[in-house]
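To be precise, the following lines are target.txt, and they hold compact mmCIF, C-alpha atoms.
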```txt
# COMPACT_ATOMS: atom_id res chain seq x y z
CA MET A 1 250.45 185.57 -100.45
CA TYR A 2 253.13 188.23 -100.92
CA LYS A 3 255.40 187.97 -103.95
CA LEU A 4 257.63 191.04 -103.66
CA ALA A 5 259.28 192.75 -100.68
CA ALA A 6 260.94 196.11 -101.41
CA ILE A 7 263.25 197.11 -98.56
CA ASP A 8 265.16 200.33 -97.96
CA LEU A 9 268.78 200.16 -96.73
CA ASP A 10 269.94 203.03 -94.50
CA GLY A 11 267.89 203.20 -91.32
CA THR A 12 266.05 200.04 -92.39
CA MET A 13 267.85 196.86 -93.49
CA LEU A 14 271.24 198.18 -92.29
CA ASN A 15 271.88 198.83 -88.61
CA GLN A 16 273.59 202.00 -87.40
CA TYR A 17 276.99 200.56 -88.38
CA GLY A 18 275.89 199.82 -91.96
CA ILE A 19 275.64 196.05 -91.34
CA VAL A 20 272.99 193.48 -92.32
CA THR A 21 272.72 191.30 -89.22
CA GLN A 22 272.58 187.50 -89.30
CA ARG A 23 268.98 187.52 -88.06
CA THR A 24 267.98 189.81 -90.93
CA LYS A 25 269.82 187.64 -93.47
CA GLN A 26 268.04 184.55 -92.15
CA ALA A 27 264.63 186.24 -92.32
CA ILE A 28 265.32 187.34 -95.91
CA LYS A 29 266.41 183.81 -96.83
CA ARG A 30 263.25 182.35 -95.33
CA ALA A 31 261.11 184.87 -97.24
CA GLN A 32 262.90 183.96 -100.47
CA GLN A 33 262.33 180.26 -99.81
CA ARG A 34 258.63 181.02 -99.49
CA GLY A 35 258.55 182.60 -102.93
CA ILE A 36 258.91 186.27 -101.97
CA GLU A 37 261.28 188.20 -104.24
CA VAL A 38 263.27 190.45 -101.90
CA ILE A 39 264.68 193.56 -103.57
CA ILE A 40 266.60 196.56 -102.27
CA ALA A 41 265.00 199.98 -102.84
CA SER A 42 267.58 202.58 -101.83
CA GLY A 43 268.88 206.06 -102.48
CA ARG A 44 272.43 204.69 -102.72
CA PRO A 45 274.42 204.48 -105.98
CA MET A 46 274.39 201.22 -107.91
CA ASP A 47 277.81 199.87 -106.92
CA SER A 48 277.06 200.37 -103.23
CA ILE A 49 273.82 198.39 -103.58
CA LYS A 50 275.32 195.58 -105.68
CA ALA A 51 277.51 194.36 -102.83
CA ILE A 52 274.61 194.28 -100.37
CA ALA A 53 272.30 192.58 -102.88
CA GLU A 54 274.94 189.89 -103.29
CA GLU A 55 275.28 189.59 -99.52
CA ILE A 56 271.56 188.92 -99.03
CA LYS A 57 271.38 186.82 -102.23
CA SER A 58 268.89 189.12 -103.94
CA GLU A 59 269.53 188.08 -107.53
CA LYS A 60 266.96 189.72 -109.82
CA TYR A 61 266.54 193.49 -109.42
CA PHE A 62 267.31 196.47 -107.23
CA ILE A 63 266.16 200.10 -107.18
CA SER A 64 268.84 202.81 -106.94
CA GLY A 65 268.80 206.59 -106.52
CA ASN A 66 265.37 206.63 -104.82
CA GLY A 67 263.76 205.19 -107.94
CA ALA A 68 265.86 206.86 -110.64
CA ILE A 69 267.28 203.50 -111.73
CA ILE A 70 266.13 199.88 -111.82
CA TYR A 71 268.97 197.45 -112.32
CA ASP A 72 268.58 193.92 -113.70
CA ILE A 73 271.18 191.92 -111.74
CA GLN A 74 271.02 188.73 -113.80
CA ASN A 75 271.48 190.50 -117.12
CA ASP A 76 273.83 193.17 -115.72
CA LYS A 77 271.95 196.11 -117.22
CA ILE A 78 269.76 199.11 -116.37
CA ILE A 79 266.17 198.49 -117.42
CA TYR A 80 264.67 201.81 -116.27
CA GLU A 81 266.14 205.25 -115.63
CA ASN A 82 265.02 208.81 -114.99
CA THR A 83 268.07 210.99 -114.35
CA LEU A 84 268.61 214.72 -113.83
CA LYS A 85 269.13 216.89 -116.90
CA LYS A 86 272.62 218.33 -117.13
CA GLN A 87 271.48 221.97 -116.94
CA LYS A 88 269.38 221.26 -113.84
CA THR A 89 272.41 219.66 -112.21
CA LEU A 90 274.54 222.71 -113.02
CA ASP A 91 271.85 225.09 -111.70
CA ILE A 92 271.80 223.24 -108.38
CA ILE A 93 275.60 223.13 -108.13
CA LYS A 94 275.72 226.90 -108.74
CA ILE A 95 273.26 227.58 -105.89
CA CYS A 96 275.27 225.38 -103.52
CA GLU A 97 278.57 227.03 -104.49
CA GLU A 98 277.17 230.54 -104.15
CA ASN A 99 275.86 229.72 -100.68
CA SER A 100 278.90 227.70 -99.50
CA ILE A 101 276.80 224.66 -98.64
CA TYR A 102 278.03 221.08 -98.84
CA TYR A 103 276.69 218.88 -101.64
CA ASN A 104 277.58 215.70 -103.51
CA ILE A 105 276.53 214.22 -106.84
CA TYR A 106 275.36 210.63 -107.25
CA THR A 107 275.94 209.17 -110.69
CA GLU A 108 275.16 205.61 -111.77
CA LYS A 109 278.58 204.45 -110.59
CA GLU A 110 279.94 206.83 -107.97
CA ILE A 111 279.53 209.76 -105.59
CA ILE A 112 281.30 212.96 -106.64
CA ALA A 113 282.28 215.28 -103.79
CA LYS A 114 284.81 217.97 -102.88
CA ASN A 115 285.75 216.34 -99.59
CA LEU A 116 284.65 213.80 -97.00
CA GLN A 117 281.72 215.21 -95.03
CA CYS A 118 278.25 214.10 -93.93
CA ASN A 119 276.96 211.14 -95.98
CA VAL A 120 280.21 210.83 -97.95
CA LEU A 121 282.23 210.57 -94.74
CA TYR A 122 279.91 207.79 -93.58
CA TYR A 123 280.37 205.85 -96.84
CA HIS A 124 284.15 206.39 -96.61
CA LYS A 125 284.26 204.93 -93.09
CA GLU A 126 282.01 202.08 -94.24
CA ASN A 127 284.45 201.38 -97.09
CA LEU A 128 287.33 200.82 -94.66
CA ASN A 129 285.75 197.53 -93.61
CA LYS A 130 284.92 196.31 -97.13
CA GLU A 131 286.77 194.48 -99.88
CA GLU A 132 287.71 196.70 -102.82
CA LYS A 133 285.00 195.26 -105.10
CA ASN A 134 282.30 196.01 -102.52
CA LYS A 135 283.20 199.63 -101.77
CA THR A 136 281.08 202.67 -102.62
CA HIS A 137 283.15 204.54 -105.20
CA ILE A 138 283.86 208.09 -103.99
CA ASN A 139 285.42 210.51 -106.46
CA ILE A 140 286.96 213.61 -104.82
CA VAL A 141 286.89 216.49 -107.33
CA GLU A 142 288.11 220.06 -106.70
CA ASN A 143 285.77 221.79 -109.18
CA ILE A 144 282.56 219.80 -109.51
CA TYR A 145 280.86 222.34 -111.79
CA ASP A 146 283.60 222.11 -114.43
CA TYR A 147 283.80 218.34 -113.98
CA ILE A 148 280.09 217.97 -114.85
CA VAL A 149 280.33 220.49 -117.73
CA ASP A 150 283.11 218.45 -119.33
CA ARG A 151 281.39 215.07 -119.06
CA ASP A 152 278.14 213.37 -119.96
CA GLU A 153 277.50 211.93 -116.50
CA LYS A 154 274.06 210.50 -115.77
CA VAL A 155 273.19 212.20 -112.48
CA VAL A 156 270.84 210.10 -110.36
CA LYS A 157 270.46 212.55 -107.47
CA ILE A 158 272.17 215.36 -105.56
CA THR A 159 272.44 215.33 -101.77
CA ILE A 160 272.76 218.65 -99.94
CA CYS A 161 273.81 218.78 -96.28
CA ASP A 162 274.49 221.27 -93.50
CA ASN A 163 274.80 221.15 -89.72
CA ASN A 164 273.05 224.51 -89.31
CA GLN A 165 269.28 224.34 -89.67
CA VAL A 166 268.88 228.05 -90.48
CA ILE A 167 271.37 227.83 -93.36
CA PHE A 168 269.82 224.58 -94.53
CA ASN A 169 266.27 226.00 -94.55
CA SER A 170 267.49 229.00 -96.54
CA ILE A 171 268.95 226.76 -99.26
CA MET A 172 265.78 224.68 -99.33
CA ARG A 173 263.73 227.76 -100.23
CA LYS A 174 266.04 228.51 -103.16
CA LEU A 175 265.99 224.94 -104.41
CA LYS A 176 262.20 224.86 -104.46
CA GLU A 177 262.22 227.68 -107.00
CA ILE A 178 263.81 225.38 -109.59
CA GLU A 179 261.25 223.75 -111.87
CA GLU A 180 261.05 220.13 -112.99
CA ILE A 181 262.92 218.60 -110.06
CA GLU A 182 261.91 216.73 -106.91
CA VAL A 183 263.18 218.17 -103.61
CA LEU A 184 262.85 215.71 -100.74
CA GLU A 185 261.22 217.23 -97.63
CA VAL A 186 263.17 215.83 -94.69
CA SER A 187 262.19 217.33 -91.34
CA HIS A 188 264.83 215.72 -89.12
CA MET A 189 268.59 215.33 -88.88
CA SER A 190 270.32 212.28 -90.29
CA ARG A 191 272.11 210.48 -87.44
CA LYS A 192 274.65 207.77 -88.15
CA VAL A 193 277.45 206.24 -86.08
CA ILE A 194 280.98 205.60 -87.28
CA ARG A 195 283.41 203.35 -85.45
CA GLN A 196 287.21 203.69 -85.35
CA GLY A 197 288.67 200.86 -83.35
CA SER A 198 286.88 200.93 -80.01
CA VAL A 199 285.80 204.58 -80.39
CA GLU A 200 282.38 205.50 -81.76
CA GLY A 201 281.37 208.92 -83.06
CA PRO A 202 278.11 210.30 -84.46
CA ILE A 203 277.63 211.95 -87.86
CA GLU A 204 274.66 214.32 -87.75
CA TYR A 205 273.41 216.72 -90.41
CA PHE A 206 270.30 218.19 -92.03
CA TYR A 207 269.93 217.07 -95.61
CA THR A 208 267.77 216.93 -98.69
CA GLU A 209 267.94 214.87 -101.87
CA ILE A 210 267.19 216.29 -105.31
CA SER A 211 266.22 214.14 -108.28
CA ALA A 212 264.48 214.43 -111.62
CA GLN A 213 260.73 215.01 -111.69
CA ASN A 214 258.61 211.91 -110.94
CA VAL A 215 261.50 209.96 -109.43
CA ASP A 216 260.11 207.86 -106.61
CA LYS A 217 260.62 204.34 -105.29
CA TRP A 218 256.94 203.52 -105.83
CA ASN A 219 257.07 204.53 -109.50
CA ALA A 220 259.99 202.14 -109.91
CA ILE A 221 258.11 199.38 -108.07
CA GLU A 222 255.12 199.86 -110.37
CA PHE A 223 257.43 199.33 -113.35
CA LEU A 224 258.59 196.05 -111.77
CA LYS A 225 255.03 195.12 -110.85
CA GLU A 226 254.10 195.10 -114.54
CA LYS A 227 257.28 193.30 -115.55
CA MET A 228 256.84 190.62 -112.89
CA GLN A 229 253.05 190.42 -113.46
CA ILE A 230 252.13 190.78 -109.81
CA LYS A 231 249.39 192.71 -108.04
CA THR A 232 249.68 195.67 -105.69
CA GLU A 233 248.27 193.64 -102.82
CA GLU A 234 251.13 191.15 -103.27
CA ILE A 235 253.78 193.80 -102.51
CA VAL A 236 255.39 194.54 -99.14
CA ALA A 237 257.37 197.77 -98.66
CA ILE A 238 259.59 198.49 -95.65
CA GLY A 239 261.28 201.82 -94.95
CA ASP A 240 261.89 204.65 -92.51
CA ASN A 241 262.15 207.98 -94.28
CA VAL A 242 260.32 210.45 -96.52
CA ASN A 243 261.76 208.86 -99.67
CA ASP A 244 259.93 205.65 -98.63
CA LYS A 245 256.55 207.32 -98.10
CA LYS A 246 254.86 206.54 -101.42
CA MET A 247 255.94 202.93 -101.51
CA ILE A 248 254.78 202.38 -97.93
CA GLU A 249 251.38 204.00 -98.43
CA ASN A 250 250.73 202.34 -101.81
CA ALA A 251 252.01 198.80 -101.26
CA GLY A 252 249.67 196.01 -100.24
CA LEU A 253 251.46 196.02 -96.89
CA GLY A 254 253.46 199.10 -95.88
CA ILE A 255 255.73 198.72 -92.86
CA ALA A 256 257.50 201.57 -91.05
CA MET A 257 260.61 201.09 -88.95
CA GLY A 258 260.39 201.84 -85.24
CA GLU A 259 262.43 205.05 -85.47
CA SER A 260 260.75 206.30 -88.65
CA THR A 261 259.82 209.93 -89.05
CA PRO A 262 256.18 210.43 -87.89
CA VAL A 263 254.80 211.01 -91.40
CA ILE A 264 255.97 207.50 -92.36
CA LYS A 265 254.40 205.89 -89.30
CA ASN A 266 251.13 207.66 -90.10
CA VAL A 267 250.83 206.07 -93.57
CA ALA A 268 252.08 202.58 -92.64
CA ASN A 269 249.90 199.52 -92.05
CA GLN A 270 252.35 198.24 -89.45
CA ILE A 271 255.26 199.50 -87.36
CA THR A 272 258.16 197.18 -86.67
CA GLY A 273 261.29 197.53 -84.51
CA SER A 274 264.12 199.94 -85.30
CA ASN A 275 267.05 199.09 -87.56
CA ASN A 276 269.10 198.38 -84.42
CA GLU A 277 266.43 195.94 -83.20
CA ASP A 278 266.34 193.85 -86.39
CA GLY A 279 263.10 195.52 -87.40
CA VAL A 280 263.25 194.15 -90.95
CA ALA A 281 263.67 190.62 -89.61
CA GLN A 282 260.71 191.14 -87.26
CA ALA A 283 258.56 192.39 -90.13
CA LEU A 284 259.43 189.49 -92.44
CA GLU A 285 259.00 186.89 -89.69
CA ASN A 286 255.48 188.21 -89.10
CA LEU A 287 254.48 187.49 -92.70
CA TRP A 288 254.00 183.81 -91.89
CA PRO A 289 252.75 181.85 -88.85
```

Taking this structure as input, can you express it in the form of structure tokens?
Amino acid sequence: MYKLAAIDLDGTMLNQYGIVTQRTKQAIKRAQQRGIEVIIASGRPMDSIKAIAEEIKSEKYFISGNGAIIYDIQNDKIIYENTLKKQKTLDIIKICEENSIYYNIYTEKEIIAKNLQCNVLYYHKENLNKEEKNKTHINIVENIYDYIVDRDEKVVKITICDNNQVIFNSIMRKLKEIEEIEVLEVSHMSRKVIRQGSVEGPIEYFYTEISAQNVDKWNAIEFLKEKMQIKTEEIVAIGDNVNDKKMIENAGLGIAMGESTPVIKNVANQITGSNNEDGVAQALENLWP
């Protein structure tokens, strides 16, 4: 009997338009009724996750920033955190500025960026269809380096993006020289779709995510495992990308989405449909007869 289901958002629970479908909501509700605690395990900032957790009626915990934060929903407080040191954040910003590459900073509450590109553009477009209280807070700042110097922001992660693979690979080599950080190895482009009226357009970019050392969704799940007094074999993990790898390979049941990167499919126990085929709903429905 499974007691915990940790589910990623982008490319997993959310379809290409950033929506949780009715079928997925129903499957989550049925899992909850059967005693499975469904939690979100995402790279998104806290406020972006809160709205979706409320939508699917996940009422206990969620994991933010790829495992940098665990948030206790009922008590409205952070119960675990592992954030980037200020000097490491400044070192990374300096590399990005010197190489004219796009980046944005995820804090506990918001995304700090110079302008609307890549992932930030996607969140901005997503916000247009949301109530104010449910929006991802985007803070446009002209000089991010000085902004961070002047404040004691808790930086959850830094996302770095570029449309040119040669430029992106060059920055990756420089980032890997920095000690005591985690640099996510993503081998494919991020592909999302934004809709304006009846017109749809793709957002595509190479990206990586940088966090503090030992930040991982599985480490966060292990913290919750002890708190909830459950066993590894009672945990289900569903995801699609490299930041889901450890939780998928370590959970009692690891499920990869249909369009997952190959390395994720290779470590999964099962492969479900894509996020546009209600793959999460399919996976949860298969947990019972």

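Of the listed residues (A:Glu179, A:Asp146, A:Gly43, A:Leu184), A:Gly43 comes nearest to Gly11 (chain A); the distances count all atoms listed in the file.
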
* To do: Check the smallest atom-to-atom distance from each of A:Glu200, A:Asn250, A:Leu284, A:Lys133 to Glu222 (chain A) using all atoms listed in the file, then report the winner.
  => A:Asn250

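Interatomic distance, CA of Lys154 (chain A) to CA of Ala68 (chain A): 10.3 Å.
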
* Using all atoms listed in the file, which of A:Leu84, A:Ala53, A:Met257, A:Cys161 sits nearest Thr12 (chain A)? ->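 Counting all atoms listed in the file, the residue closest to Thr12 (chain A) is A:Met257.
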
* To do: Could you jot down the CA of Lys60 (chain A) to CA of Phe223 (chain A) separation for me, Å, one decimal place?
  => 14.0 Å

* Asked: Quick one, how far is CA of Val263 (chain A) from CA of Met247 (chain A)?
  ->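 Computing the Euclidean distance for CA of Val263 (chain A) and CA of Met247 (chain A) yields 13.0 Å.
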
* Kindly provide, as a VMD selection string, the polymer residues lying within 9 Å of (252.9, 194.6, -91.2), counting all atoms listed in the file and using the coordinates exactly as they appear in the file. => chain A and resid 236 238 253 to 256 268 to 272 283 to 284 286 to 287

* **Selection: 9 Å around Val20 (chain A), only C-alpha atoms, excl. self and same-chain fewer than 3 positions, as a PyMOL selection string** => chain A and resi 13-15+23-25+52+55-56+278

* Which residue of A:Val280, A:Ile171, A:Ile105, A:Ala27 approaches Ser211 (chain A) most closely, using only C-alpha atoms -> A:Ile105

* To do: Go through A:Lys157, A:His124, A:Lys29, A:Lys85 and flag the residue nearest Ile210 (chain A), using all atoms listed in the file for the distances.
  =>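 Result for the nearest residue to Ile210 (chain A): A:Lys157.
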
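Between Ala5 (chain A) and the candidates A:Ile181, A:Ala237, A:Ile194, A:Ala251, the tightest atom-to-atom separation, counting all atoms listed in the file, involves A:Ala237.
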
Would you pick out the contacts of Lys77 (chain A) at 12 Å or less, using all atoms listed in the file, so that residues sharing its chain but fewer than 3 positions from it are not included, and give the list as an mmCIF file with C-alpha atoms, in the coordinates of the input?
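Result file out.cif:
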```
data_model
loop_
_atom_site.group_PDB
_atom_site.id
_atom_site.type_symbol
_atom_site.label_atom_id
_atom_site.label_comp_id
_atom_site.auth_asym_id
_atom_site.auth_seq_id
_atom_site.Cartn_x
_atom_site.Cartn_y
_atom_site.Cartn_z
ATOM 1 C CA MET A 46 274.390 201.220 -107.910
ATOM 2 C CA LYS A 60 266.960 189.720 -109.820
ATOM 3 C CA TYR A 61 266.540 193.490 -109.420
ATOM 4 C CA PHE A 62 267.310 196.470 -107.230
ATOM 5 C CA ILE A 69 267.280 203.500 -111.730
ATOM 6 C CA ILE A 70 266.130 199.880 -111.820
ATOM 7 C CA TYR A 71 268.970 197.450 -112.320
ATOM 8 C CA ASP A 72 268.580 193.920 -113.700
ATOM 9 C CA ILE A 73 271.180 191.920 -111.740
ATOM 10 C CA GLN A 74 271.020 188.730 -113.800
ATOM 11 C CA TYR A 80 264.670 201.810 -116.270
ATOM 12 C CA GLU A 81 266.140 205.250 -115.630
ATOM 13 C CA GLU A 108 275.160 205.610 -111.770
#
```

* **Lys3 (chain A) environment, 9 Å, all atoms listed in the file, sequence neighbours closer than 6 positions dropped, as a list in words** => Arg34, Gly35, Ile36, Glu37, Val38, Ile230, Lys231, Glu234, Ile235 and Val236 of chain A

Set up a box along x, y and z of the file covering all listed atoms of region 176-195 of chain A, add 6 Å on every one of the six sides, and write the centre and edge lengths in Å to one decimal, as AutoDock Vina command-line options.
```
--center_x 272.2 --center_y 215.5 --center_z -99.2 --size_x 34.4 --size_y 36.3 --size_z 39.5
```

With only C-alpha atoms counted and 12 Å as the cut-off, give the residues of region 206-237 of chain A in contact with region 86-101 of chain A, each with its shortest interatomic distance in Å and the pair that gives it, as CSV.
```
residue,atom,partner,partner_atom,distance
A:Phe206,CA,A:Ile101,CA,11.3
A:Tyr207,CA,A:Ile101,CA,10.7
A:Thr208,CA,A:Ile101,CA,11.9
A:Glu209,CA,A:Ile92,CA,11.3
A:Ile210,CA,A:Ile92,CA,8.9
A:Ser211,CA,A:Thr89,CA,9.2
A:Ala212,CA,A:Lys88,CA,8.7
A:Gln213,CA,A:Lys88,CA,10.9
```
